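Okay, so here's the structure we're looking at.
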Amino acid sequence: MYKLTNVVKDYPKGRATVHALRGVNVEIADGEWLSIQGPTGHGKSTLLQLLGGLDRPTSGSLELNGRDLARLGEGPMTKVRASQIGFIFQTFNLIPTLSAQENVETALVPLGIKDSARKSRAAEALASVGLSDRARHLPSELSGGQQQRVAIARALVKEPKVLLADEPTGNLDEDTRDEIIALLEKLWQDNGLTMIMVTHDSTIARRAQRLGTMRNGQLTVKQTVK
Amino acid sequence: MFFTYLWRELRRRARQATFIAVGLALGIGLVITVTAASAGVKNAQSSVLHSLYGVGTDITVTKAPTAGSGNGGSQFNFRQSFGSSNSKSSSKSVNQNLLTSDFTLSSITAAQVTAVTQLKNVAAAAGGLTLTDRIISGSFGSNFTAPTSQPTSGTGNFQGGGEGSSSSSNGGSRTFSGGFNFGNNFTVEGVDLANGELGPLSTGTISTGRTFTAADAAKNVALVDSNYATSKKLKIGSTVAIGNTKGVATKFTVVGIVKDSSGTTEEDIYIPLGRAQTLANMAGKVNTIYVAASSGDKITTVASTIKSTVSGATVTDQDTLASQVTGSISSAASLANNLGKWLAIAVLVAAFLLASLLTMSAVSRRVREFGTLKALGWKSRRVVGQVIGESIAIGIAGGVAGVGLGFAGAWAVGKFAHPLSASLGSTTGSATPGGPQQFGGNFPGGGTATSGTGGTNPFRGAFSNAANSTSSVTVHLSAPVTISVIILAVGLAVLGGLIAGGFGGWRAARLRPAAALSKVA
């Protein structure tokens with residue numbers, strides 16, 4: 001799925017330059033679940049953004065199914081994000097003025113799917129995360145766990161090949177965290193997704209197939225014991 | 001999804017959206033009100049012109065008298081004999097009805113009228129002859145001092161009232177004294193019956209009797225202004241005495257009473273042009289040409305052509321008239337066109353700026369939202385389109401409210417504005433003690449035009465009847481809101497939305513998803 005070769009990411013911060021990634025090399029197979037841990041500010045989220053095509057490396061190559069995302073134009077990159085990559089954020093990032101179902105639909109809008117088909121697919125995605133009865137609720141009317149479920153439904157409704165999750169349980173209590181991780185694991189298994197998850201929680205991290213550690217902009221990966 | 005998202009977002013920031021819409025509404029409402037008021041002032045000015053020169057008249061043509069031409073002036077002459085040279089004293093009475101042309105206007109020939117009629121873009125042209133009839137009555141006496149020898153020469157003078165004297169080379173002299181009444185003046189307009197749609201008479205309506213017919217061309221018939229008729233107790237069948245250059249009166253029969261829509265006509269009495277020319281000893285001549293252009297956009301071209309066709313002509317169109325009108329109508333015009341216009345522009349610019357700033361601020365607060373949408377695969381232009389759509393929706397709401405405010409403002413202008421006065425005529429400069437003075441009203445008679453330099457007074461404000469100021473018109477100001485003004489308002493509303501949305505959209509387009517999401521994490 002992914003092949004990163006000597007990926008470097010620098011960005012300016014005032015007069016200084018921050019070296020967020022200092023030559024990352026890793027291959028991620030199809031259908032793999034890779035967790036990434038590490039101290040804050042060592043490049044975990046930066047790596048995830050590059051994997052999601054939200055940013056471009058300063059140097060190196062980052063291939064997704066053979067296409068170097070570093071060299072893609074903005075238009076093609078947007079299409080890749082729209083069709084192949086699902087995101088889940090720590091803070092859920094739901095649109096506050098749209099209902100749960102409408103939030104899920106926003107992931108289908110770039111694909112040009114007609115209204116009726118969009119609505120039915122969104123309803124199915126909500127049902128798959130157990131929130132059919134909350135379809136018309138606004139995010140402010142949902143609990144944290146419910147909001148994250150909506151975000152998961154939004155990420156998966158377009159049937160992506162990759163699911164990128166940045167601290168998906170960071171804002172949830174323990175019980176809810178377990179629920180969400182169980183849900184993610186089930187969806188990963190059922191859909192054959194390639195899932196890359198950044199997490200501080202070692203318990204969650206160890207559930208993955210491989211565990212990566214980011215330290216000073218460099219990644220080391222090892223197999224987990226299952 | 002577009003309209004759902006748009007509507008939900010506007011509802012979320014309803015207060016801000018309302019604030020922006022109100023600002024735009026105020027600006028647009030002011031633009032509509034000022035535009036309507038300007039149109040109303042223009043209409044009022046137009047009605048002033050039309051009330052003086054006729055509904056169909058676009059241009060008037062007059063000529064200034066040349067220097068030293070005398071131009072008829074307002075002389076009156078009479079010879080009186082006081083008997084033998086030994087006569088000690090005698091007294092004589094005078095009663096004359098003297099008809100003269102306006103001394104500020106030179107005559108225009110029939111050939112020149114024809115030449116104007118035949119010009120390109122001239123729909124019609126008619127000659128008019130404006131005259132003043134002065135009734136001079138009174139008496140004077142004299143005392144004689146015997147000469148010492150036969151006189152070989154003599155000089156003398158007598159002015160309209162008071163005293164004068166004459167003397168001769170043989171030492172003889174005569175002193176004169178007496179008094180005259182010059183107050184019974186009235187204006188007479190010779191009307192071209194073949195082109196009745198032009199000229200001052202065309203604004204009037206017949207309240208009693210009939211108007212002129214072609215058969216009246218050589219008859220002693222007259223139409224009388226309703227105010228004049230009231231003051232002189234004239235009715236259909238009454239006679240009015242109109243003089244000639246020799247002071248001899250001819251009786252004209254009143255066949256119609258004319259009422260002007262503005263309440264004031266320029267003239268007191270209207271008679272057929274041919275009769276006026278005969279009485280004024282101006283056969284084949286007029287002193288004003290009234291011209292109708294073939295269309296409104298041709299007026300300026302026609303005016304320019306007439307200037308080169310009729311040498312020495314003063315050509316007046318509505319714009320020239322507007323610049324010479326004094327009175328509250330000119331203040332209203334100044335207020336609407338200057339202060340009003342710039343105030344409306346200032347408020348509108350401020351509203352646009354405010355809308356833009358608030359929209360940009362709203363976009364800044366939605367960084368995470370837009371970054372998320374871009375992460376989901378939304379194209380930049382889709383996100384920008386959402387922002388612009390929200391701004392245009394606010395703009396349209398402001399526009400609708402602005403149209404309502406504009407109608408209300410225009411209604412208020414029409415309802416509460418005082419009637420405007422328009423005075424037309426030459427005025428002295430502002431350095432005149434007591435302020436600018438307008439020629440018109442009293443003139444005791446006598447005197448000749450010794451200089452015809454400078455512009456003609458095309459409005460004949462000089463020497464008119466003091467009791468009937470024919471150079472002043474009262475008009476009511478309305479503020480019409482036309483469809484083009486409403487379209488302008490809608491256009492401004494959309495423009496306001498586009499400008500505000502453009503600024504906000506530019507901000508949204510520059511957002512990099514990674515940076516947007518990093519701000520949140």
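Each chain of the structure tokens is named A, B, ... in the order shown, its residues numbered from 1; ligands are numbered from 1 in display order.
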
How close does each residue of chain A get to chain B, giving the shortest atom pair and distance in Å to one decimal for every residue with an atom at most 8 Å away, counting only C-alpha atoms, sorted by chain and residue number, as a tab-separated table?
residue	atom	partner	partner_atom	distance
A:Gln49	CA	B:Ala514	CA	6.4
A:Leu54	CA	B:Ala514	CA	5.3
A:Asp55	CA	B:Ala514	CA	5.9
A:Gly75	CA	B:Lys379	CA	7.7
A:Thr78	CA	B:Gly377	CA	5.1
A:Lys79	CA	B:Gly377	CA	6.3
A:Val80	CA	B:Gly377	CA	7.6
A:Arg81	CA	B:Gly377	CA	5.1
A:Ala82	CA	B:Gly377	CA	3.9
A:Ser83	CA	B:Gly377	CA	7.6
A:Gly86	CA	B:Leu376	CA	7.3
A:Phe87	CA	B:Leu376	CA	7.4
A:Gln90	CA	B:Ala521	CA	7.6
A:Thr91	CA	B:Ala521	CA	7.6
A:Asn93	CA	B:Thr372	CA	6.6
A:Leu94	CA	B:Glu369	CA	7.6
A:Ile95	CA	B:Glu369	CA	6.2
A:Thr97	CA	B:Arg8	CA	5.6
A:Leu98	CA	B:Tyr5	CA	6.9
A:Glu102	CA	B:Met1	CA	7.9
A:Thr106	CA	B:Leu373	CA	7.6
A:Ala107	CA	B:Leu376	CA	5.6
A:Val109	CA	B:Trp378	CA	7.6
A:Pro110	CA	B:Trp378	CA	5.5

Go ahead and write the residues just picked, N, CA and C atoms, as a PDB file, in the first residue's frame.
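Output saved as selection11.pdb:
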ATOM      1  N   GLN A  49      -0.258  13.195   8.358  1.00  0.00           N
ATOM      2  CA  GLN A  49      -0.740  14.159   7.369  1.00  0.00           C
ATOM      3  C   GLN A  49      -0.125  13.888   5.996  1.00  0.00           C
ATOM      4  N   LEU A  54      -2.383  15.370   3.019  1.00  0.00           N
ATOM      5  CA  LEU A  54      -2.762  16.715   3.446  1.00  0.00           C
ATOM      6  C   LEU A  54      -1.590  17.682   3.308  1.00  0.00           C
ATOM      7  N   ASP A  55      -0.401  17.136   3.165  1.00  0.00           N
ATOM      8  CA  ASP A  55       0.782  17.949   3.009  1.00  0.00           C
ATOM      9  C   ASP A  55       1.754  17.165   2.138  1.00  0.00           C
ATOM     10  N   GLY A  75      -5.047  18.997  -7.639  1.00  0.00           N
ATOM     11  CA  GLY A  75      -6.297  18.402  -8.104  1.00  0.00           C
ATOM     12  C   GLY A  75      -6.301  16.887  -7.925  1.00  0.00           C
ATOM     13  N   THR A  78      -6.386  15.882  -4.307  1.00  0.00           N
ATOM     14  CA  THR A  78      -7.712  16.018  -3.701  1.00  0.00           C
ATOM     15  C   THR A  78      -8.579  14.808  -4.056  1.00  0.00           C
ATOM     16  N   LYS A  79      -8.447  14.348  -5.288  1.00  0.00           N
ATOM     17  CA  LYS A  79      -9.249  13.168  -5.719  1.00  0.00           C
ATOM     18  C   LYS A  79      -8.854  11.928  -4.933  1.00  0.00           C
ATOM     19  N   VAL A  80      -7.552  11.773  -4.663  1.00  0.00           N
ATOM     20  CA  VAL A  80      -7.091  10.623  -3.891  1.00  0.00           C
ATOM     21  C   VAL A  80      -7.674  10.680  -2.488  1.00  0.00           C
ATOM     22  N   ARG A  81      -7.631  11.839  -1.898  1.00  0.00           N
ATOM     23  CA  ARG A  81      -8.192  11.999  -0.545  1.00  0.00           C
ATOM     24  C   ARG A  81      -9.675  11.696  -0.544  1.00  0.00           C
ATOM     25  N   ALA A  82     -10.350  12.146  -1.591  1.00  0.00           N
ATOM     26  CA  ALA A  82     -11.808  11.988  -1.636  1.00  0.00           C
ATOM     27  C   ALA A  82     -12.200  10.522  -1.754  1.00  0.00           C
ATOM     28  N   SER A  83     -11.409   9.743  -2.505  1.00  0.00           N
ATOM     29  CA  SER A  83     -11.875   8.385  -2.829  1.00  0.00           C
ATOM     30  C   SER A  83     -11.167   7.280  -2.059  1.00  0.00           C
ATOM     31  N   GLY A  86      -9.642   7.705   4.347  1.00  0.00           N
ATOM     32  CA  GLY A  86     -10.588   8.152   5.371  1.00  0.00           C
ATOM     33  C   GLY A  86      -9.829   8.679   6.574  1.00  0.00           C
ATOM     34  N   PHE A  87     -10.331   9.720   7.183  1.00  0.00           N
ATOM     35  CA  PHE A  87      -9.663  10.340   8.332  1.00  0.00           C
ATOM     36  C   PHE A  87     -10.535  10.251   9.572  1.00  0.00           C
ATOM     37  N   GLN A  90      -8.822  13.386  16.475  1.00  0.00           N
ATOM     38  CA  GLN A  90      -8.967  13.337  17.937  1.00  0.00           C
ATOM     39  C   GLN A  90     -10.179  14.140  18.382  1.00  0.00           C
ATOM     40  N   THR A  91     -10.353  15.295  17.773  1.00  0.00           N
ATOM     41  CA  THR A  91     -11.444  16.179  18.184  1.00  0.00           C
ATOM     42  C   THR A  91     -12.689  16.002  17.317  1.00  0.00           C
ATOM     43  N   ASN A  93     -13.983  16.623  14.710  1.00  0.00           N
ATOM     44  CA  ASN A  93     -14.061  17.524  13.558  1.00  0.00           C
ATOM     45  C   ASN A  93     -15.353  17.377  12.758  1.00  0.00           C
ATOM     46  N   LEU A  94     -16.458  17.250  13.469  1.00  0.00           N
ATOM     47  CA  LEU A  94     -17.742  17.242  12.764  1.00  0.00           C
ATOM     48  C   LEU A  94     -18.164  18.679  12.465  1.00  0.00           C
ATOM     49  N   ILE A  95     -18.944  18.853  11.386  1.00  0.00           N
ATOM     50  CA  ILE A  95     -19.450  20.180  11.043  1.00  0.00           C
ATOM     51  C   ILE A  95     -20.600  20.474  12.011  1.00  0.00           C
ATOM     52  N   THR A  97     -23.018  22.532  12.251  1.00  0.00           N
ATOM     53  CA  THR A  97     -24.367  22.936  11.818  1.00  0.00           C
ATOM     54  C   THR A  97     -25.097  21.823  11.061  1.00  0.00           C
ATOM     55  N   LEU A  98     -24.396  20.702  10.812  1.00  0.00           N
ATOM     56  CA  LEU A  98     -25.029  19.610  10.067  1.00  0.00           C
ATOM     57  C   LEU A  98     -25.360  18.462  11.013  1.00  0.00           C
ATOM     58  N   GLU A 102     -25.999  14.154   7.873  1.00  0.00           N
ATOM     59  CA  GLU A 102     -25.450  15.129   6.912  1.00  0.00           C
ATOM     60  C   GLU A 102     -23.931  15.190   7.020  1.00  0.00           C
ATOM     61  N   THR A 106     -21.136  14.466   3.930  1.00  0.00           N
ATOM     62  CA  THR A 106     -20.098  15.385   3.419  1.00  0.00           C
ATOM     63  C   THR A 106     -18.930  14.622   2.791  1.00  0.00           C
ATOM     64  N   ALA A 107     -18.703  13.374   3.242  1.00  0.00           N
ATOM     65  CA  ALA A 107     -17.620  12.595   2.651  1.00  0.00           C
ATOM     66  C   ALA A 107     -17.971  12.105   1.253  1.00  0.00           C
ATOM     67  N   VAL A 109     -19.936  13.964  -0.901  1.00  0.00           N
ATOM     68  CA  VAL A 109     -20.165  15.103  -1.796  1.00  0.00           C
ATOM     69  C   VAL A 109     -19.095  15.204  -2.883  1.00  0.00           C
ATOM     70  N   PRO A 110     -17.784  15.072  -2.547  1.00  0.00           N
ATOM     71  CA  PRO A 110     -16.766  15.212  -3.604  1.00  0.00           C
ATOM     72  C   PRO A 110     -16.843  14.127  -4.663  1.00  0.00           C
TER      73      PRO A 110
END

What's around Arg210 of chain B at 12 Å? Count only C-alpha atoms, leave out sequence neighbours fewer than 6 positions away in its own chain, and write the answer as a VMD selection string. chain B and resid 204 216 221 to 224 235 to 237 254 to 259

Give me a file of those residues, with N, CA and C atoms, as a PDB file, in the first residue's frame.
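result23.pdb written:
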ATOM      1  N   GLY B 204     -50.728  74.716 -20.456  1.00  0.00           N
ATOM      2  CA  GLY B 204     -51.993  75.091 -19.837  1.00  0.00           C
ATOM      3  C   GLY B 204     -53.142  74.205 -20.264  1.00  0.00           C
ATOM      4  N   ASP B 216     -58.374  81.362 -36.249  1.00  0.00           N
ATOM      5  CA  ASP B 216     -58.182  82.562 -35.421  1.00  0.00           C
ATOM      6  C   ASP B 216     -56.946  83.366 -35.810  1.00  0.00           C
ATOM      7  N   VAL B 221     -58.664  87.730 -31.180  1.00  0.00           N
ATOM      8  CA  VAL B 221     -59.151  86.873 -30.085  1.00  0.00           C
ATOM      9  C   VAL B 221     -57.985  86.591 -29.158  1.00  0.00           C
ATOM     10  N   ALA B 222     -58.298  86.313 -27.892  1.00  0.00           N
ATOM     11  CA  ALA B 222     -57.234  86.116 -26.900  1.00  0.00           C
ATOM     12  C   ALA B 222     -57.609  85.022 -25.920  1.00  0.00           C
ATOM     13  N   LEU B 223     -56.564  84.362 -25.424  1.00  0.00           N
ATOM     14  CA  LEU B 223     -56.716  83.492 -24.266  1.00  0.00           C
ATOM     15  C   LEU B 223     -56.075  84.227 -23.090  1.00  0.00           C
ATOM     16  N   VAL B 224     -56.671  84.061 -21.924  1.00  0.00           N
ATOM     17  CA  VAL B 224     -56.194  84.805 -20.773  1.00  0.00           C
ATOM     18  C   VAL B 224     -55.840  83.827 -19.647  1.00  0.00           C
ATOM     19  N   LYS B 235     -63.887  87.414 -18.226  1.00  0.00           N
ATOM     20  CA  LYS B 235     -64.539  86.142 -18.478  1.00  0.00           C
ATOM     21  C   LYS B 235     -64.700  85.991 -19.984  1.00  0.00           C
ATOM     22  N   ILE B 236     -65.280  84.881 -20.418  1.00  0.00           N
ATOM     23  CA  ILE B 236     -65.468  84.654 -21.854  1.00  0.00           C
ATOM     24  C   ILE B 236     -66.361  85.763 -22.404  1.00  0.00           C
ATOM     25  N   GLY B 237     -65.866  86.355 -23.489  1.00  0.00           N
ATOM     26  CA  GLY B 237     -66.621  87.452 -24.088  1.00  0.00           C
ATOM     27  C   GLY B 237     -66.119  88.815 -23.652  1.00  0.00           C
ATOM     28  N   VAL B 254     -61.954  87.858 -25.363  1.00  0.00           N
ATOM     29  CA  VAL B 254     -61.484  86.679 -24.634  1.00  0.00           C
ATOM     30  C   VAL B 254     -62.339  85.479 -25.033  1.00  0.00           C
ATOM     31  N   VAL B 255     -61.688  84.456 -25.565  1.00  0.00           N
ATOM     32  CA  VAL B 255     -62.417  83.240 -25.980  1.00  0.00           C
ATOM     33  C   VAL B 255     -62.091  82.056 -25.065  1.00  0.00           C
ATOM     34  N   GLY B 256     -61.070  82.192 -24.240  1.00  0.00           N
ATOM     35  CA  GLY B 256     -60.719  81.063 -23.363  1.00  0.00           C
ATOM     36  C   GLY B 256     -59.913  81.524 -22.160  1.00  0.00           C
ATOM     37  N   ILE B 257     -60.075  80.798 -21.048  1.00  0.00           N
ATOM     38  CA  ILE B 257     -59.283  81.045 -19.838  1.00  0.00           C
ATOM     39  C   ILE B 257     -58.328  79.857 -19.675  1.00  0.00           C
ATOM     40  N   VAL B 258     -57.055  80.141 -19.467  1.00  0.00           N
ATOM     41  CA  VAL B 258     -56.031  79.093 -19.417  1.00  0.00           C
ATOM     42  C   VAL B 258     -55.563  78.899 -17.983  1.00  0.00           C
ATOM     43  N   LYS B 259     -55.509  77.650 -17.576  1.00  0.00           N
ATOM     44  CA  LYS B 259     -55.001  77.344 -16.239  1.00  0.00           C
ATOM     45  C   LYS B 259     -53.765  76.464 -16.417  1.00  0.00           C
TER      46      LYS B 259
END

I'd like to know which of B:Ser38, B:Thr305, B:Asn184, B:Thr211 is closest to Ala293 of chain B, using only C-alpha atoms. B:Thr305

Report, in Å with one decimal, the straight-line distance from atom CA of Lys114 of chain A to atom CA of Gln148 of chain A. 25.6 Å

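Between atom CA of Thr208 of chain B and atom CA of Thr187 of chain B there is a distance of 20.3 Å.
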
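Near Pro139 of chain A, within 10 Å and counting only C-alpha atoms, sit Phe92, Asn93, Leu94, Ile95, Pro96, Thr97, Leu98, Ser99, Ala100, Asn103, Arg134, Arg136, His137, Glu141, Leu142, Ser143, Gly144, Gln146, Gln147, Gln148 and Val150 of chain A; same-chain residues fewer than 2 positions away were not included.
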
Can you list, as a list in words, every protein, DNA or RNA residue that comes within 6 Å of Thr239 of chain B when you count only C-alpha atoms, leaving out same-chain residues fewer than 6 positions away? Lys251, Phe252, Thr253 and Val254 of chain B

Output N, CA and C atoms for every residue in the selection just made, as a tab-separated table (two decimals), in the first residue's frame.
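The resulting file, result-v1.tsv, is shown below:
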chain	number	residue	atom	x	y	z
B	251	LYS	N	-58.99	96.24	-29.32
B	251	LYS	CA	-59.76	95.37	-28.43
B	251	LYS	C	-59.69	93.94	-28.93
B	252	PHE	N	-59.38	93.01	-27.99
B	252	PHE	CA	-59.37	91.59	-28.27
B	252	PHE	C	-60.45	90.93	-27.42
B	253	THR	N	-61.12	89.97	-28.02
B	253	THR	CA	-62.18	89.28	-27.30
B	253	THR	C	-61.63	88.04	-26.63
B	254	VAL	N	-61.95	87.86	-25.36
B	254	VAL	CA	-61.48	86.68	-24.63
B	254	VAL	C	-62.34	85.48	-25.03

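Reported to one decimal place, the separation of atom CA of Thr169 of chain A from atom CA of Leu62 of chain A is 27.2 Å.
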
Can you list, as number ranges by chain, every protein, DNA or RNA residue that comes within 9 Å of segment 479-493 of chain B when you count only C-alpha atoms, leaving out same-chain residues fewer than 4 positions away? B: 24-25, 28-29, 31-41, 348, 392, 394-400, 402-403, 406-407, 409-414, 497-498

Env of Val221 of chain A: 12 Å cut, atoms = only C-alpha atoms, seq-sep filter 2 positions within chain, self excluded. Answer as a ChimeraX atom specification. /A:24-28,34-38,208-215,218-219,223-224

Those same residues, written as a short mmCIF file (atom, residue, chain, number, x, y, z; two decimals), in the first residue's frame with N, CA and C atoms?
data_model
loop_
_atom_site.label_atom_id
_atom_site.label_comp_id
_atom_site.auth_asym_id
_atom_site.auth_seq_id
_atom_site.Cartn_x
_atom_site.Cartn_y
_atom_site.Cartn_z
N VAL A 24 12.27 9.26 6.84
CA VAL A 24 11.46 8.11 7.27
C VAL A 24 11.44 7.07 6.16
N ASN A 25 11.71 5.88 6.51
CA ASN A 25 11.64 4.77 5.56
C ASN A 25 10.75 3.70 6.14
N VAL A 26 9.70 3.33 5.45
CA VAL A 26 8.80 2.29 5.94
C VAL A 26 7.93 1.80 4.80
N GLU A 27 7.55 0.56 4.85
CA GLU A 27 6.56 0.02 3.92
C GLU A 27 5.39 -0.50 4.73
N ILE A 28 4.20 -0.18 4.27
CA ILE A 28 2.98 -0.60 4.96
C ILE A 28 2.18 -1.42 3.97
N LEU A 34 -1.16 -0.52 11.51
CA LEU A 34 0.08 -0.01 12.09
C LEU A 34 -0.26 1.06 13.10
N SER A 35 0.20 0.88 14.35
CA SER A 35 0.06 1.94 15.34
C SER A 35 1.36 2.69 15.43
N ILE A 36 1.29 3.98 15.71
CA ILE A 36 2.49 4.81 15.83
C ILE A 36 2.42 5.52 17.17
N GLN A 37 3.44 5.38 17.97
CA GLN A 37 3.51 6.08 19.25
C GLN A 37 4.75 6.96 19.27
N GLY A 38 4.90 7.71 20.35
CA GLY A 38 6.09 8.54 20.51
C GLY A 38 5.74 9.79 21.28
N ALA A 208 -2.50 -3.46 17.52
CA ALA A 208 -2.18 -3.42 16.10
C ALA A 208 -1.23 -4.56 15.75
N GLN A 209 -1.01 -4.75 14.43
CA GLN A 209 -0.11 -5.82 14.00
C GLN A 209 1.34 -5.42 14.15
N ARG A 210 1.55 -4.10 13.88
CA ARG A 210 2.91 -3.60 14.04
C ARG A 210 2.84 -2.31 14.82
N LEU A 211 3.93 -2.04 15.49
CA LEU A 211 3.99 -0.84 16.33
C LEU A 211 5.16 0.00 15.89
N GLY A 212 4.87 1.25 15.50
CA GLY A 212 5.95 2.15 15.12
C GLY A 212 6.19 3.16 16.21
N THR A 213 7.45 3.58 16.35
CA THR A 213 7.78 4.60 17.35
C THR A 213 8.45 5.75 16.64
N MET A 214 7.90 6.94 16.81
CA MET A 214 8.50 8.16 16.24
C MET A 214 9.31 8.83 17.31
N ARG A 215 10.58 9.07 16.98
CA ARG A 215 11.42 9.79 17.93
C ARG A 215 12.35 10.65 17.12
N GLN A 218 12.21 10.34 13.33
CA GLN A 218 12.54 9.08 12.68
C GLN A 218 11.67 7.97 13.23
N LEU A 219 11.36 7.00 12.32
CA LEU A 219 10.40 5.95 12.69
C LEU A 219 11.10 4.60 12.76
N GLN A 223 7.29 -5.63 15.03
CA GLN A 223 6.09 -6.48 15.09
C GLN A 223 5.60 -6.51 16.52
N THR A 224 4.25 -6.53 16.68
CA THR A 224 3.73 -6.66 18.04
C THR A 224 3.56 -8.12 18.38
#

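Ranking B:Ala215, B:Ala21, B:Arg13, B:Phe352 by their shortest atom-to-atom distance to Ala401 of chain B, with only C-alpha atoms included, puts B:Ala21 first.
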
Neighbours of Arg121 of chain A within 10 Å (only C-alpha atoms; same-chain residues fewer than 6 positions away dropped), as a short mmCIF file (atom, residue, chain, number, x, y, z; two decimals) with N, CA and C atoms, in the first residue's frame?
data_model
loop_
_atom_site.label_atom_id
_atom_site.label_comp_id
_atom_site.auth_asym_id
_atom_site.auth_seq_id
_atom_site.Cartn_x
_atom_site.Cartn_y
_atom_site.Cartn_z
N GLN A 101 -26.27 12.48 10.11
CA GLN A 101 -26.32 11.91 8.75
C GLN A 101 -25.72 12.87 7.73
N VAL A 104 -22.03 12.66 7.72
CA VAL A 104 -21.54 11.50 6.97
C VAL A 104 -21.61 11.76 5.48
N GLU A 105 -22.68 12.43 5.06
CA GLU A 105 -22.85 12.72 3.62
C GLU A 105 -21.73 13.60 3.09
N LEU A 108 -19.25 12.05 0.92
CA LEU A 108 -19.68 11.57 -0.39
C LEU A 108 -19.86 12.71 -1.39
N ILE A 113 -21.93 11.90 -5.92
CA ILE A 113 -23.03 10.93 -5.79
C ILE A 113 -24.33 11.71 -5.63
N ALA A 127 -25.85 3.26 10.53
CA ALA A 127 -26.39 2.02 11.11
C ALA A 127 -25.24 1.08 11.48
N VAL A 157 -17.76 5.63 4.95
CA VAL A 157 -18.90 5.59 4.03
C VAL A 157 -18.43 5.55 2.57
N LYS A 158 -17.27 6.09 2.29
CA LYS A 158 -16.82 6.10 0.89
C LYS A 158 -15.99 4.86 0.55
#

Please give the complete set of residues from segment 5-225 of chain A that DSSP, run on the backbone, assigns to strand (DSSP E or B), formatted as a PyMOL selection string. chain A and resi 5-13+16-28+33-37+59-64+67-68+85-88+162-166+194-198+210-215+218-223

For the residues in the current selection, export C-alpha atoms as a short mmCIF file (atom, residue, chain, number, x, y, z; two decimals), in the first residue's frame.
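Below is the file result.cif, written as the result:
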data_model
loop_
_atom_site.label_atom_id
_atom_site.label_comp_id
_atom_site.auth_asym_id
_atom_site.auth_seq_id
_atom_site.Cartn_x
_atom_site.Cartn_y
_atom_site.Cartn_z
CA THR A 5 11.68 6.32 1.08
CA ASN A 6 13.78 8.81 2.95
CA VAL A 7 10.88 11.16 3.58
CA VAL A 8 11.93 14.48 5.04
CA LYS A 9 9.58 17.23 6.17
CA ASP A 10 10.79 20.63 7.24
CA TYR A 11 8.68 23.66 7.85
CA PRO A 12 9.49 27.19 8.92
CA LYS A 13 8.58 28.40 12.34
CA ALA A 16 13.90 28.78 12.62
CA THR A 17 13.22 25.62 10.65
CA VAL A 18 11.53 22.67 12.28
CA HIS A 19 12.76 19.30 11.03
CA ALA A 20 9.58 17.33 11.67
CA LEU A 21 10.65 14.20 9.72
CA ARG A 22 14.28 13.35 9.19
CA GLY A 23 14.29 10.58 6.63
CA VAL A 24 11.46 8.11 7.27
CA ASN A 25 11.64 4.77 5.56
CA VAL A 26 8.80 2.29 5.94
CA GLU A 27 6.56 0.02 3.92
CA ILE A 28 2.98 -0.60 4.96
CA TRP A 33 -2.89 -2.16 11.06
CA LEU A 34 0.08 -0.01 12.09
CA SER A 35 0.06 1.94 15.34
CA ILE A 36 2.49 4.81 15.83
CA GLN A 37 3.51 6.08 19.25
CA SER A 59 12.09 15.57 0.00
CA GLY A 60 11.89 11.82 -0.49
CA SER A 61 9.16 9.76 -2.05
CA LEU A 62 5.86 8.66 -0.60
CA GLU A 63 4.11 6.12 -2.74
CA LEU A 64 0.53 5.01 -2.35
CA ARG A 67 1.76 6.74 -7.10
CA ASP A 68 4.17 9.21 -5.57
CA ILE A 85 -8.40 7.88 2.29
CA GLY A 86 -10.59 8.15 5.37
CA PHE A 87 -9.66 10.34 8.33
CA ILE A 88 -10.57 10.19 11.98
CA VAL A 162 -6.83 3.53 3.93
CA LEU A 163 -8.06 4.68 7.31
CA LEU A 164 -5.89 7.22 9.11
CA ALA A 165 -6.77 7.82 12.75
CA ASP A 166 -5.06 10.56 14.76
CA THR A 194 -5.16 -0.55 5.81
CA MET A 195 -5.33 1.30 9.13
CA ILE A 196 -2.65 3.59 10.50
CA MET A 197 -3.37 4.93 13.98
CA VAL A 198 -1.45 7.47 16.05
CA ARG A 210 2.91 -3.60 14.04
CA LEU A 211 3.99 -0.84 16.33
CA GLY A 212 5.95 2.15 15.12
CA THR A 213 7.78 4.60 17.35
CA MET A 214 8.50 8.16 16.24
CA ARG A 215 11.42 9.79 17.93
CA GLN A 218 12.54 9.08 12.68
CA LEU A 219 10.40 5.95 12.69
CA THR A 220 11.27 2.53 13.91
CA VAL A 221 8.78 -0.26 13.45
CA LYS A 222 8.52 -3.65 15.12
CA GLN A 223 6.09 -6.48 15.09
#

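The residue that comes closest to Gly66 of chain A, out of A:Leu4, A:Glu185, A:Arg206, A:Gly112 and on the basis of only C-alpha atoms, is A:Leu4.
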